[in-house]
file entry.cif (mmCIF, C-alpha atoms)
data_final
#
loop_
_atom_site.label_atom_id
_atom_site.label_comp_id
_atom_site.auth_asym_id
_atom_site.auth_seq_id
_atom_site.Cartn_x
_atom_site.Cartn_y
_atom_site.Cartn_z
CA SER A 1 -20.38 9.24 -14.61
CA THR A 2 -23.25 7.71 -12.73
CA LEU A 3 -21.18 4.96 -11.18
CA THR A 4 -22.58 3.92 -7.88
CA SER A 5 -21.91 1.43 -5.20
CA LEU A 6 -24.74 -0.39 -3.53
CA PHE A 7 -23.99 -2.98 -0.95
CA SER A 8 -26.56 -4.97 0.89
CA SER A 9 -27.04 -8.20 2.69
CA SER A 10 -29.10 -10.10 0.20
CA SER A 11 -30.98 -13.35 0.17
CA SER A 12 -31.14 -15.54 -2.90
CA SER A 13 -34.64 -14.31 -3.68
CA SER A 14 -33.51 -10.70 -3.78
CA CYS A 15 -30.63 -11.93 -5.94
CA ARG A 16 -33.09 -13.27 -8.49
CA ASN A 17 -35.14 -10.08 -8.37
CA GLN A 18 -32.14 -7.99 -9.23
CA MET A 19 -30.87 -10.09 -12.14
CA GLY A 20 -32.59 -7.92 -14.70
CA ASN A 21 -30.35 -4.92 -14.20
CA LEU A 22 -27.39 -5.18 -16.54
CA LEU A 23 -24.88 -3.46 -14.30
CA LYS A 24 -26.11 -4.90 -11.07
CA VAL A 25 -23.57 -7.27 -9.71
CA LEU A 26 -24.80 -9.85 -7.31
CA THR A 27 -22.83 -12.18 -5.16
CA CYS A 28 -24.91 -14.93 -3.69
CA THR A 29 -22.07 -17.20 -2.69
CA GLU A 30 -21.20 -17.65 0.95
CA LEU A 31 -17.99 -15.69 1.14
CA GLU A 32 -15.43 -16.70 3.73
CA GLN A 33 -15.46 -13.13 4.95
CA GLY A 34 -17.78 -10.24 4.61
CA PRO A 35 -21.52 -10.30 4.06
CA ASN A 36 -23.43 -11.33 0.97
CA PHE A 37 -24.02 -8.17 -0.93
CA PHE A 38 -24.66 -6.82 -4.32
CA LEU A 39 -23.07 -3.82 -5.81
CA ASP A 40 -24.90 -1.61 -8.26
CA PHE A 41 -22.71 0.58 -10.39
CA GLU A 42 -25.53 2.71 -11.65
CA ASN A 43 -28.19 5.06 -10.40
CA ALA A 44 -27.57 5.86 -6.73
CA GLN A 45 -29.58 8.93 -5.82
CA ALA A 46 -28.92 10.73 -2.58
CA THR A 47 -31.69 10.27 0.00
CA GLU A 48 -32.83 13.16 2.18
CA GLY A 49 -30.48 12.07 4.96
CA GLU A 50 -27.50 11.98 2.61
CA ARG A 51 -28.28 15.18 0.72
CA GLU A 52 -26.22 17.64 2.77
CA VAL A 53 -22.99 15.62 2.73
CA TRP A 54 -23.61 14.53 -0.86
CA ASN A 55 -23.85 18.17 -2.03
CA GLN A 56 -20.70 19.12 -0.19
CA VAL A 57 -18.70 16.22 -1.67
CA ASN A 58 -20.22 16.67 -5.11
CA ALA A 59 -18.98 20.27 -5.23
CA VAL A 60 -15.44 18.87 -4.89
CA LEU A 61 -15.87 15.90 -7.26
CA GLN A 62 -17.25 18.18 -9.98
CA ASP A 63 -13.79 19.72 -10.32
CA SER A 64 -11.90 16.43 -10.39
CA GLU A 65 -11.99 15.92 -14.17
CA SER A 66 -10.61 19.40 -14.86
CA ILE A 67 -7.80 18.73 -12.36
CA LEU A 68 -6.90 15.52 -14.23
CA THR A 69 -7.10 17.29 -17.59
CA GLY A 70 -4.81 20.02 -16.28
CA LEU A 71 -2.32 17.48 -14.98
CA GLN A 72 -2.41 15.49 -18.20
CA ALA A 73 -1.66 18.65 -20.19
CA TYR A 74 1.25 19.62 -17.92
CA LYS A 75 4.26 20.43 -20.08
CA GLY A 76 7.29 21.27 -17.99
CA ALA A 77 9.75 24.11 -18.56
CA GLY A 78 12.75 21.77 -18.79
CA GLN A 79 14.32 23.31 -21.88
CA GLU A 80 13.94 26.90 -20.69
CA ILE A 81 15.40 26.00 -17.31
CA ARG A 82 18.40 24.23 -18.90
CA ASP A 83 19.08 27.21 -21.15
CA ALA A 84 18.94 29.59 -18.18
CA ILE A 85 21.27 27.46 -16.07
CA GLN A 86 23.78 27.01 -18.89
CA ASN A 87 23.85 30.76 -19.63
CA PRO A 88 23.71 32.40 -16.20
CA ASN A 89 24.58 35.87 -17.54
CA ASP A 90 22.00 35.94 -20.29
CA MET A 91 19.16 37.87 -18.69
CA THR A 92 16.80 37.19 -21.58
CA LEU A 93 17.10 33.46 -20.97
CA GLN A 94 16.71 33.94 -17.21
CA GLU A 95 13.57 35.89 -17.81
CA ARG A 96 12.22 33.37 -20.29
CA ALA A 97 12.73 30.50 -17.82
CA TRP A 98 11.08 32.47 -15.02
CA ASN A 99 8.11 33.42 -17.16
CA SER A 100 7.68 29.78 -18.20
CA VAL A 101 7.84 28.48 -14.65
CA CYS A 102 5.48 30.94 -12.93
CA PRO A 103 2.24 29.82 -14.63
CA LEU A 104 3.25 26.20 -13.95
CA VAL A 105 3.68 26.94 -10.26
CA ILE A 106 0.19 28.48 -10.17
CA LYS A 107 -1.10 25.25 -11.74
CA LEU A 108 0.74 23.14 -9.16
CA LYS A 109 -0.78 25.24 -6.39
CA LYS A 110 -4.23 24.57 -7.84
CA PHE A 111 -3.63 20.79 -7.75
CA TYR A 112 -2.31 21.00 -4.20
CA SER A 113 -5.27 23.10 -3.04
CA PHE A 114 -7.60 20.51 -4.58
CA SER A 115 -5.96 17.81 -2.42
CA LEU A 116 -6.99 19.80 0.68
CA ARG A 117 -10.59 19.98 -0.53
CA LEU A 118 -10.54 16.24 -1.30
CA GLU A 119 -9.29 15.55 2.22
CA GLU A 120 -12.23 17.50 3.67
CA ALA A 121 -14.67 15.61 1.43
CA LEU A 122 -13.23 12.27 2.52
CA ARG A 123 -13.59 13.18 6.18
CA SER A 124 -17.26 14.07 5.70
CA LEU A 125 -17.89 10.74 3.99
CA LEU A 126 -16.04 8.76 6.66
CA THR A 127 -18.05 10.51 9.36
CA SER A 128 -21.31 9.53 7.62
CA LEU A 129 -20.33 5.98 6.69
CA THR A 130 -18.93 4.93 10.07
CA CYS A 131 -21.17 6.54 12.71
CA PRO A 132 -22.97 4.21 15.15
CA PRO A 133 -25.35 2.45 15.55
CA LEU A 134 -25.34 1.09 11.96
CA THR A 135 -22.73 -1.45 10.89
CA PRO A 136 -20.49 -0.48 7.94
CA THR A 137 -22.45 -2.85 5.69
CA GLN A 138 -25.74 -1.25 6.69
CA HIS A 139 -24.26 2.19 6.03
CA LEU A 140 -23.03 1.15 2.61
CA GLU A 141 -26.39 -0.40 1.83
CA ARG A 142 -28.49 2.57 2.96
CA GLU A 143 -26.20 5.38 1.84
CA GLN A 144 -25.43 4.18 -1.65
CA ALA A 145 -24.88 7.66 -3.04
CA LEU A 146 -22.20 8.38 -0.41
CA ALA A 147 -20.58 4.97 -0.98
CA LYS A 148 -20.41 5.84 -4.66
CA GLN A 149 -18.75 9.19 -3.90
CA PHE A 150 -16.20 7.46 -1.68
CA ALA A 151 -15.41 5.14 -4.60
CA GLU A 152 -15.12 8.11 -6.96
CA ILE A 153 -12.64 9.87 -4.66
CA LEU A 154 -10.44 6.76 -4.67
CA HIS A 155 -10.80 6.43 -8.42
CA PHE A 156 -9.70 10.03 -8.94
CA THR A 157 -6.81 9.64 -6.49
CA LEU A 158 -5.26 6.68 -8.24
CA ARG A 159 -5.66 8.31 -11.65
CA PHE A 160 -4.02 11.51 -10.40
CA ASP A 161 -1.08 9.65 -8.90
CA GLU A 162 -0.58 7.43 -11.96
CA LEU A 163 -0.31 10.57 -14.08
CA LYS A 164 1.92 12.41 -11.61
CA MET A 165 4.40 9.53 -11.54
CA ARG A 166 4.98 10.02 -15.26
CA ILE A 167 5.77 13.74 -15.01
CA PRO A 168 9.23 14.22 -13.48
CA ALA A 169 9.13 17.81 -14.75
CA ILE A 170 6.88 18.78 -11.84
CA GLN A 171 9.60 18.49 -9.23
CA ASN A 172 12.27 20.01 -11.51
CA ASP A 173 10.10 23.02 -12.28
CA PHE A 174 9.21 23.52 -8.65
CA SER A 175 12.77 23.29 -7.34
CA TYR A 176 13.93 25.77 -9.99
CA TYR A 177 11.17 28.11 -8.83
CA ARG A 178 12.25 27.81 -5.21
CA ARG A 179 15.94 28.26 -5.95
CA THR A 180 15.18 31.32 -8.02
CA ILE A 181 12.97 32.88 -5.37
CA SER A 182 15.49 32.25 -2.62
CA ARG A 183 18.43 33.64 -4.59
CA ASN A 184 16.19 36.49 -5.61
CA ARG A 185 18.46 36.98 -8.55
CA ILE A 186 15.69 37.99 -10.82
CA ASN A 187 15.20 41.53 -9.68
CA ASN A 188 12.30 43.61 -10.89
CA MET A 189 10.65 40.56 -12.37
CA ASN A 190 7.26 39.07 -11.75
CA LEU A 191 7.61 38.46 -8.03
CA ASP A 192 3.90 39.09 -7.53
CA ILE A 193 3.75 35.34 -7.60
CA GLU A 194 4.93 35.36 -3.99
CA ASN A 195 1.51 36.70 -3.05
CA GLU A 196 0.08 33.53 -4.60
CA VAL A 197 2.70 31.07 -3.37
CA ASN A 198 4.43 32.38 -0.25
CA ASN A 199 7.22 30.53 1.46
CA GLU A 200 4.98 28.54 3.78
CA MET A 201 2.77 27.44 0.87
CA ALA A 202 5.88 26.52 -1.14
CA ASN A 203 7.13 24.34 1.74
CA ARG A 204 3.83 22.48 1.94
CA MET A 205 3.71 22.03 -1.83
CA SER A 206 7.28 20.70 -1.79
CA LEU A 207 6.35 18.00 0.69
CA PHE A 208 3.25 17.13 -1.32
CA TYR A 209 5.06 16.74 -4.66
CA ALA A 210 8.00 14.90 -3.10
CA GLU A 211 5.64 11.96 -2.46
CA ALA A 212 5.56 9.32 -5.18
CA THR A 213 1.76 9.20 -4.81
CA PRO A 214 0.78 12.53 -3.24
CA MET A 215 -3.03 12.20 -3.39
CA LEU A 216 -3.00 8.72 -1.89
CA LYS A 217 -0.70 9.93 0.87
CA THR A 218 -3.15 12.79 1.54
CA LEU A 219 -6.08 10.34 1.82
CA SER A 220 -4.27 7.80 3.99
CA THR A 221 -3.06 10.53 6.35
CA ALA A 222 -6.59 11.96 6.48
CA THR A 223 -8.06 8.51 7.25
CA THR A 224 -5.46 7.84 9.95
CA ASN A 225 -6.14 11.25 11.50
CA PHE A 226 -9.88 10.62 11.32
CA VAL A 227 -9.45 7.44 13.35
CA SER A 228 -7.12 8.98 15.93
CA GLU A 229 -9.30 12.08 16.40
CA ASN A 230 -12.53 10.10 16.86
CA LYS A 231 -11.49 8.26 19.98
CA THR A 232 -15.00 7.07 20.82
CA LEU A 233 -15.54 5.51 17.40
CA PRO A 234 -14.34 1.88 17.25
CA LEU A 235 -11.51 1.46 14.73
CA GLU A 236 -13.45 -1.46 13.20
CA ASN A 237 -16.17 0.92 12.01
CA THR A 238 -13.62 2.49 9.68
CA THR A 239 -11.62 -0.60 8.72
CA ASP A 240 -14.74 -2.75 8.14
CA CYS A 241 -16.09 -0.09 5.81
CA LEU A 242 -12.84 -0.34 3.80
CA SER A 243 -12.60 -4.14 3.84
CA THR A 244 -16.25 -4.52 2.79
CA MET A 245 -15.66 -2.27 -0.21
CA ALA A 246 -12.54 -4.24 -1.14
CA SER A 247 -14.47 -7.55 -0.97
CA VAL A 248 -17.29 -6.21 -3.09
CA CYS A 249 -14.94 -5.00 -5.82
CA LYS A 250 -12.97 -8.25 -5.79
CA VAL A 251 -16.04 -10.49 -6.13
CA MET A 252 -17.31 -8.28 -8.88
CA LEU A 253 -14.07 -8.50 -10.83
CA GLU A 254 -13.44 -12.22 -10.38
CA THR A 255 -16.92 -13.40 -11.35
CA PRO A 256 -17.13 -13.54 -15.16
CA GLU A 257 -20.91 -13.54 -15.36
CA TYR A 258 -20.87 -10.16 -13.58
CA SER A 259 -17.81 -8.52 -15.05
CA SER A 260 -18.71 -9.58 -18.59
CA ARG A 261 -21.89 -7.50 -18.33
CA PHE A 262 -20.09 -4.21 -17.88
CA ASN A 263 -20.83 -1.87 -20.74
CA SER A 264 -17.31 -0.54 -20.83
CA GLU A 265 -13.77 -1.39 -19.89
CA ASP A 266 -13.84 1.76 -17.77
CA THR A 267 -16.14 0.10 -15.25
CA LEU A 268 -13.64 -2.71 -14.74
CA LEU A 269 -10.82 -0.25 -14.25
CA PHE A 270 -12.98 1.79 -11.89
CA CYS A 271 -13.52 -1.34 -9.78
CA MET A 272 -9.83 -2.20 -9.77
CA ARG A 273 -8.76 1.27 -8.74
CA VAL A 274 -11.33 1.44 -5.97
CA MET A 275 -10.27 -1.98 -4.69
CA VAL A 276 -6.60 -0.99 -4.61
CA GLY A 277 -7.41 2.37 -3.03
CA VAL A 278 -9.37 0.87 -0.12
CA ILE A 279 -6.67 -1.78 0.42
CA ILE A 280 -4.01 0.92 0.76
CA LEU A 281 -6.16 2.97 3.14
CA TYR A 282 -6.90 -0.15 5.21
CA ASP A 283 -3.20 -0.99 5.34
CA HIS A 284 -2.37 2.48 6.68
CA VAL A 285 -5.19 2.64 9.20
CA HIS A 286 -5.33 -0.88 10.64
CA PRO A 287 -2.54 -1.51 13.19
CA ASN A 288 -1.77 -4.91 11.62
CA GLY A 289 -2.30 -3.81 8.04
CA ALA A 290 -3.98 -5.52 5.11
CA PHE A 291 -1.51 -8.31 4.42
CA ASN A 292 -1.34 -10.49 7.52
CA LYS A 293 -3.47 -13.53 8.20
CA SER A 294 -5.90 -11.71 10.51
CA SER A 295 -6.73 -9.10 7.85
CA LYS A 296 -10.35 -8.96 6.75
CA ILE A 297 -9.24 -8.45 3.16
CA ASP A 298 -8.50 -11.51 1.04
CA MET A 299 -5.24 -10.11 -0.31
CA LYS A 300 -4.36 -13.22 -2.28
CA GLY A 301 -7.70 -13.03 -4.09
CA CYS A 302 -7.35 -9.30 -4.73
CA ILE A 303 -3.84 -9.60 -6.19
CA LYS A 304 -4.90 -12.57 -8.31
CA VAL A 305 -7.80 -10.56 -9.76
CA LEU A 306 -5.35 -7.83 -10.78
CA LYS A 307 -2.85 -10.29 -12.22
CA ASP A 308 -5.57 -11.83 -14.40
CA GLN A 309 -5.91 -8.50 -16.25
CA PRO A 310 -3.67 -7.36 -19.12
CA ALA A 311 -0.29 -6.40 -17.61
CA ASP A 312 -0.20 -2.85 -18.95
CA THR A 313 -3.65 -2.13 -17.47
CA VAL A 314 -2.65 -3.05 -13.93
CA GLU A 315 1.05 -2.22 -13.73
CA GLY A 316 0.35 1.10 -12.00
CA LEU A 317 -2.05 -0.56 -9.54
CA LEU A 318 0.35 -3.38 -8.63
CA ASN A 319 3.07 -0.76 -8.14
CA ALA A 320 0.74 1.17 -5.85
CA LEU A 321 0.29 -1.97 -3.71
CA LYS A 322 4.06 -2.54 -3.71
CA PHE A 323 5.25 0.96 -2.97
CA THR A 324 2.51 2.85 -1.14
CA THR A 325 1.32 0.28 1.37
CA LYS A 326 2.80 0.25 4.84
CA HIS A 327 2.91 -3.39 5.94
CA LEU A 328 3.81 -5.40 2.81
CA ASN A 329 7.35 -6.04 4.03
CA ASP A 330 6.40 -6.89 7.60
CA GLU A 331 7.49 -10.29 8.95
CA SER A 332 3.81 -11.17 9.40
CA THR A 333 3.07 -10.91 5.66
CA PRO A 334 2.80 -14.45 4.24
CA LYS A 335 5.62 -15.26 1.81
CA ASN A 336 3.25 -16.25 -1.00
CA ILE A 337 1.66 -12.79 -0.95
CA ARG A 338 5.05 -11.10 -1.07
CA THR A 339 6.08 -13.37 -3.95
CA MET A 340 2.91 -12.50 -5.90
CA LEU A 341 3.85 -8.84 -5.79
CA GLN A 342 7.51 -9.24 -6.74
#
call {"tool": "encode", "arguments": {"input": "entry.cif", "output": "structure tokens"}}
result
Amino acid sequence: STLTSLFSSSSSSSCRNQMGNLLKVLTCTELEQGPNFFLDFENAQATEGEREVWNQVNAVLQDSESILTGLQAYKGAGQEIRDAIQNPNDMTLQERAWNSVCPLVIKLKKFYSFSLRLEEALRSLLTSLTCPPLTPTQHLEREQALAKQFAEILHFTLRFDELKMRIPAIQNDFSYYRRTISRNRINNMNLDIENEVNNEMANRMSLFYAEATPMLKTLSTATTNFVSENKTLPLENTTDCLSTMASVCKVMLETPEYSSRFNSEDTLLFCMRVMVGVIILYDHVHPNGAFNKSSKIDMKGCIKVLKDQPADTVEGLLNALKFTTKHLNDESTPKNIRTMLQ
């Protein structure tokens, strides 16, 4: 997809100049917070300065669709495992269960390894989009291709986690695998898999899949670590980058003359996922979170935008705000915002 994010401070004249582009979304209203900007969900091309990071991140993003396809096609070994457990002395059934589970574990390792690559990609983007002396808005305006990649990482992450939530088999398969390995009851069987997934790897994978939203957890931990490791970089450089992206997506979604121009429903959903993703990251990284009155994100507006969509489209996204944010249940969260998410 050639979805791109372009943010810039724009005057009304530049607004008029841009009106011709179908997918260019302009906001020329004085927003209470955040700059005036427009957001172009089309042709961002990497500039010379962006090229190196863009190539590195692109190498990761290129594999994201096949990861989602693999997850979507995941069929657990539930039946084989039940048969093996119910008939502990039937070696044929034990063997069948083991041979069903091993390829699945290799698949799960592939998804987990991808999360590590995604984490690296995110760190590279954060480094580029937050470094002084430019403000976050200037970065987003000048490095449109990187802003687009950041949006695409969030988009992938929420899609992965929405799918994962619907596949309880993943944890069942993996715990059967671990029990079987540790009992080592299956002698002389395909234990070569331990070369692929040793005990340390299995422990890390267990923690990853135990999360309700493992990819989002990976990204929020990576963002938090990025902030704590870069002590000289003001926290605002990171949080303003996130809040600006959230504002842009919100304005785009709530303004009918912009959202009605999208060629496909997918663009709307892309916007919604990116908005929710940056809100969750902001909530994990900012000491006060996204929900309190001092937050630079208009949470009421963002939730309203989601609630105006068909319920089945946004159920997963509202759940993500409810269950994967950090500060929603803080005392400082206004009651009306909590009520909106009940």
call {"tool": "residues_around", "arguments": {"input": "entry.cif", "residues": "Leu129 of chain A", "least_positions_apart": "5", "cutoff": "7 Å", "atoms": "all atoms listed in the file", "output": "PyMOL selection string"}}
result
chain A and resi 136+139-140
call {"tool": "resolve_selection", "arguments": {"input": "entry.cif", "expression": "the PyMOL selection byres ((chain A and resi 230-246) around 9)", "output": "number ranges by chain"}}
result
A: 5, 7, 33-35, 126, 129-132, 135-137, 139-140, 147, 151, 223, 225-229, 247-251, 274-279, 281-282, 285-286, 290, 295-298, 302
call {"tool": "residues_around", "arguments": {"input": "entry.cif", "residues": "Leu158 of chain A", "least_positions_apart": "3", "cutoff": "8 Å", "atoms": "only C-alpha atoms", "output": "ChimeraX atom specification"}}
result
/A:154-155,161-162,215-216,273,277
call {"tool": "residues_around", "arguments": {"input": "entry.cif", "residues": "Arg178 of chain A", "least_positions_apart": "4", "cutoff": "8 Å", "atoms": "all atoms listed in the file", "output": "PyMOL selection string"}}
result
chain A and resi 174+182+202
call {"tool": "residues_around", "arguments": {"input": "entry.cif", "residues": "Gly78 of chain A", "least_positions_apart": "4", "cutoff": "9 Å", "atoms": "all atoms listed in the file", "output": "JSON, numbers by chain"}}
result
{"A": [82, 83, 97, 169, 172, 173]}
call {"tool": "resolve_selection", "arguments": {"input": "entry.cif", "expression": "the PyMOL selection byres ((chain A and resi 168) around 12)", "output": "short mmCIF file (atom, residue, chain, number, x, y, z; two decimals) with C-alpha atoms, in the coordinates of the input"}}
result
data_model
loop_
_atom_site.label_atom_id
_atom_site.label_comp_id
_atom_site.auth_asym_id
_atom_site.auth_seq_id
_atom_site.Cartn_x
_atom_site.Cartn_y
_atom_site.Cartn_z
CA TYR A 74 1.25 19.62 -17.92
CA LYS A 75 4.26 20.43 -20.08
CA GLY A 76 7.29 21.27 -17.99
CA ALA A 77 9.75 24.11 -18.56
CA GLY A 78 12.75 21.77 -18.79
CA LEU A 163 -0.31 10.57 -14.08
CA LYS A 164 1.92 12.41 -11.61
CA MET A 165 4.40 9.53 -11.54
CA ARG A 166 4.98 10.02 -15.26
CA ILE A 167 5.77 13.74 -15.01
CA ALA A 169 9.13 17.81 -14.75
CA ILE A 170 6.88 18.78 -11.84
CA GLN A 171 9.60 18.49 -9.23
CA ASN A 172 12.27 20.01 -11.51
CA ASP A 173 10.10 23.02 -12.28
CA PHE A 174 9.21 23.52 -8.65
CA SER A 175 12.77 23.29 -7.34
CA TYR A 209 5.06 16.74 -4.66
CA ALA A 210 8.00 14.90 -3.10
CA GLU A 211 5.64 11.96 -2.46
CA ALA A 212 5.56 9.32 -5.18
#
call {"tool": "resolve_selection", "arguments": {"input": "entry.cif", "expression": "the PyMOL selection byres ((chain A and resi 153) around 12)", "output": "ChimeraX atom specification"}}
result
/A:3,57-58,60-65,114-115,117-123,125-126,146-152,154-160,215-216,218-219,270,273-274,277-278
call {"tool": "atom_distance", "arguments": {"input": "entry.cif", "atom1": "atom CA of Thr213 of chain A", "atom2": "atom CA of Phe291 of chain A"}}
result
20.1 Å
call {"tool": "residues_around", "arguments": {"input": "entry.cif", "residues": "Lys110 of chain A", "least_positions_apart": "6", "cutoff": "12 Å", "atoms": "all atoms listed in the file", "output": "VMD selection string"}}
result
chain A and resid 63 to 64 66 to 68 70 to 71 103 to 104 116 to 117 196 to 197 201 205
call {"tool": "write_last_selection", "arguments": {"input": "entry.cif", "atoms": "C-alpha atoms", "output": "compact mmCIF listing (two decimals), keeping the file's coordinate frame"}}
result
# COMPACT_ATOMS: atom_id res chain seq x y z
CA ASP A 63 -13.79 19.72 -10.32
CA SER A 64 -11.90 16.43 -10.39
CA SER A 66 -10.61 19.40 -14.86
CA ILE A 67 -7.80 18.73 -12.36
CA LEU A 68 -6.90 15.52 -14.23
CA GLY A 70 -4.81 20.02 -16.28
CA LEU A 71 -2.32 17.48 -14.98
CA PRO A 103 2.24 29.82 -14.63
CA LEU A 104 3.25 26.20 -13.95
CA LEU A 116 -6.99 19.80 0.68
CA ARG A 117 -10.59 19.98 -0.53
CA GLU A 196 0.08 33.53 -4.60
CA VAL A 197 2.70 31.07 -3.37
CA MET A 201 2.77 27.44 0.87
CA MET A 205 3.71 22.03 -1.83
call {"tool": "closest_residue", "arguments": {"input": "entry.cif", "among": "A:Val101, A:Leu108, A:Ala145, A:Met340", "to": "Tyr177 of chain A", "atoms": "all atoms listed in the file"}}
result
A:Val101
call {"tool": "closest_residue", "arguments": {"input": "entry.cif", "among": "A:Ser264, A:Asn288, A:Thr313, A:Ser128", "to": "Asn329 of chain A", "atoms": "only C-alpha atoms"}}
result
A:Asn288
call {"tool": "closest_residue", "arguments": {"input": "entry.cif", "among": "A:Val314, A:Ala46, A:Ala73, A:Ile337", "to": "Met299 of chain A", "atoms": "all atoms listed in the file"}}
result
A:Ile337
call {"tool": "decode", "arguments": {"input": "entry.cif", "residues": "segment 245-262 of chain A", "atoms": "N, CA, C and O atoms", "output": "compact mmCIF listing (two decimals), in the first residue's frame"}}
result
# COMPACT_ATOMS: atom_id res chain seq x y z
N MET A 245 0.42 12.86 15.77
CA MET A 245 -0.15 11.86 14.88
C MET A 245 -1.58 11.53 15.26
O MET A 245 -2.45 11.35 14.41
N ALA A 246 -1.85 11.45 16.57
CA ALA A 246 -3.22 11.15 17.02
C ALA A 246 -4.17 12.26 16.57
O ALA A 246 -5.27 11.99 16.06
N SER A 247 -3.75 13.52 16.73
CA SER A 247 -4.61 14.65 16.33
C SER A 247 -4.91 14.62 14.84
O SER A 247 -6.05 14.84 14.41
N VAL A 248 -3.88 14.35 14.06
CA VAL A 248 -4.05 14.33 12.61
C VAL A 248 -5.08 13.27 12.22
O VAL A 248 -6.00 13.53 11.44
N CYS A 249 -4.93 12.08 12.77
CA CYS A 249 -5.87 11.00 12.42
C CYS A 249 -7.28 11.34 12.85
O CYS A 249 -8.25 11.10 12.13
N LYS A 250 -7.41 11.92 14.04
CA LYS A 250 -8.75 12.25 14.55
C LYS A 250 -9.45 13.27 13.64
O LYS A 250 -10.59 13.06 13.23
N VAL A 251 -8.73 14.34 13.30
CA VAL A 251 -9.34 15.39 12.47
C VAL A 251 -9.76 14.81 11.13
O VAL A 251 -10.83 15.10 10.58
N MET A 252 -8.90 13.93 10.63
CA MET A 252 -9.17 13.32 9.35
C MET A 252 -10.44 12.48 9.38
O MET A 252 -11.24 12.48 8.45
N LEU A 253 -10.62 11.76 10.48
CA LEU A 253 -11.77 10.86 10.60
C LEU A 253 -13.06 11.61 10.91
O LEU A 253 -14.14 11.19 10.50
N GLU A 254 -12.95 12.73 11.63
CA GLU A 254 -14.20 13.37 12.09
C GLU A 254 -14.70 14.43 11.11
O GLU A 254 -15.73 15.03 11.34
N THR A 255 -13.95 14.66 10.04
CA THR A 255 -14.34 15.71 9.10
C THR A 255 -14.88 15.06 7.83
O THR A 255 -14.10 14.57 7.01
N PRO A 256 -16.22 15.05 7.67
CA PRO A 256 -16.81 14.27 6.57
C PRO A 256 -16.27 14.64 5.20
O PRO A 256 -16.05 13.76 4.37
N GLU A 257 -16.00 15.97 4.97
CA GLU A 257 -15.56 16.27 3.60
C GLU A 257 -14.18 15.68 3.30
O GLU A 257 -13.79 15.57 2.15
N TYR A 258 -13.44 15.28 4.33
CA TYR A 258 -12.16 14.60 4.09
C TYR A 258 -12.37 13.09 4.03
O TYR A 258 -11.99 12.43 3.08
N SER A 259 -13.02 12.56 5.07
CA SER A 259 -13.13 11.11 5.14
C SER A 259 -13.99 10.55 4.01
O SER A 259 -13.78 9.42 3.56
N SER A 260 -14.93 11.34 3.51
CA SER A 260 -15.79 10.83 2.43
C SER A 260 -15.02 10.68 1.12
O SER A 260 -15.47 10.04 0.19
N ARG A 261 -13.84 11.30 1.05
CA ARG A 261 -13.07 11.20 -0.19
C ARG A 261 -12.22 9.94 -0.28
O ARG A 261 -11.62 9.68 -1.31
N PHE A 262 -12.09 9.23 0.84
CA PHE A 262 -11.23 8.05 0.79
C PHE A 262 -11.75 7.08 -0.25
O PHE A 262 -12.95 6.84 -0.35
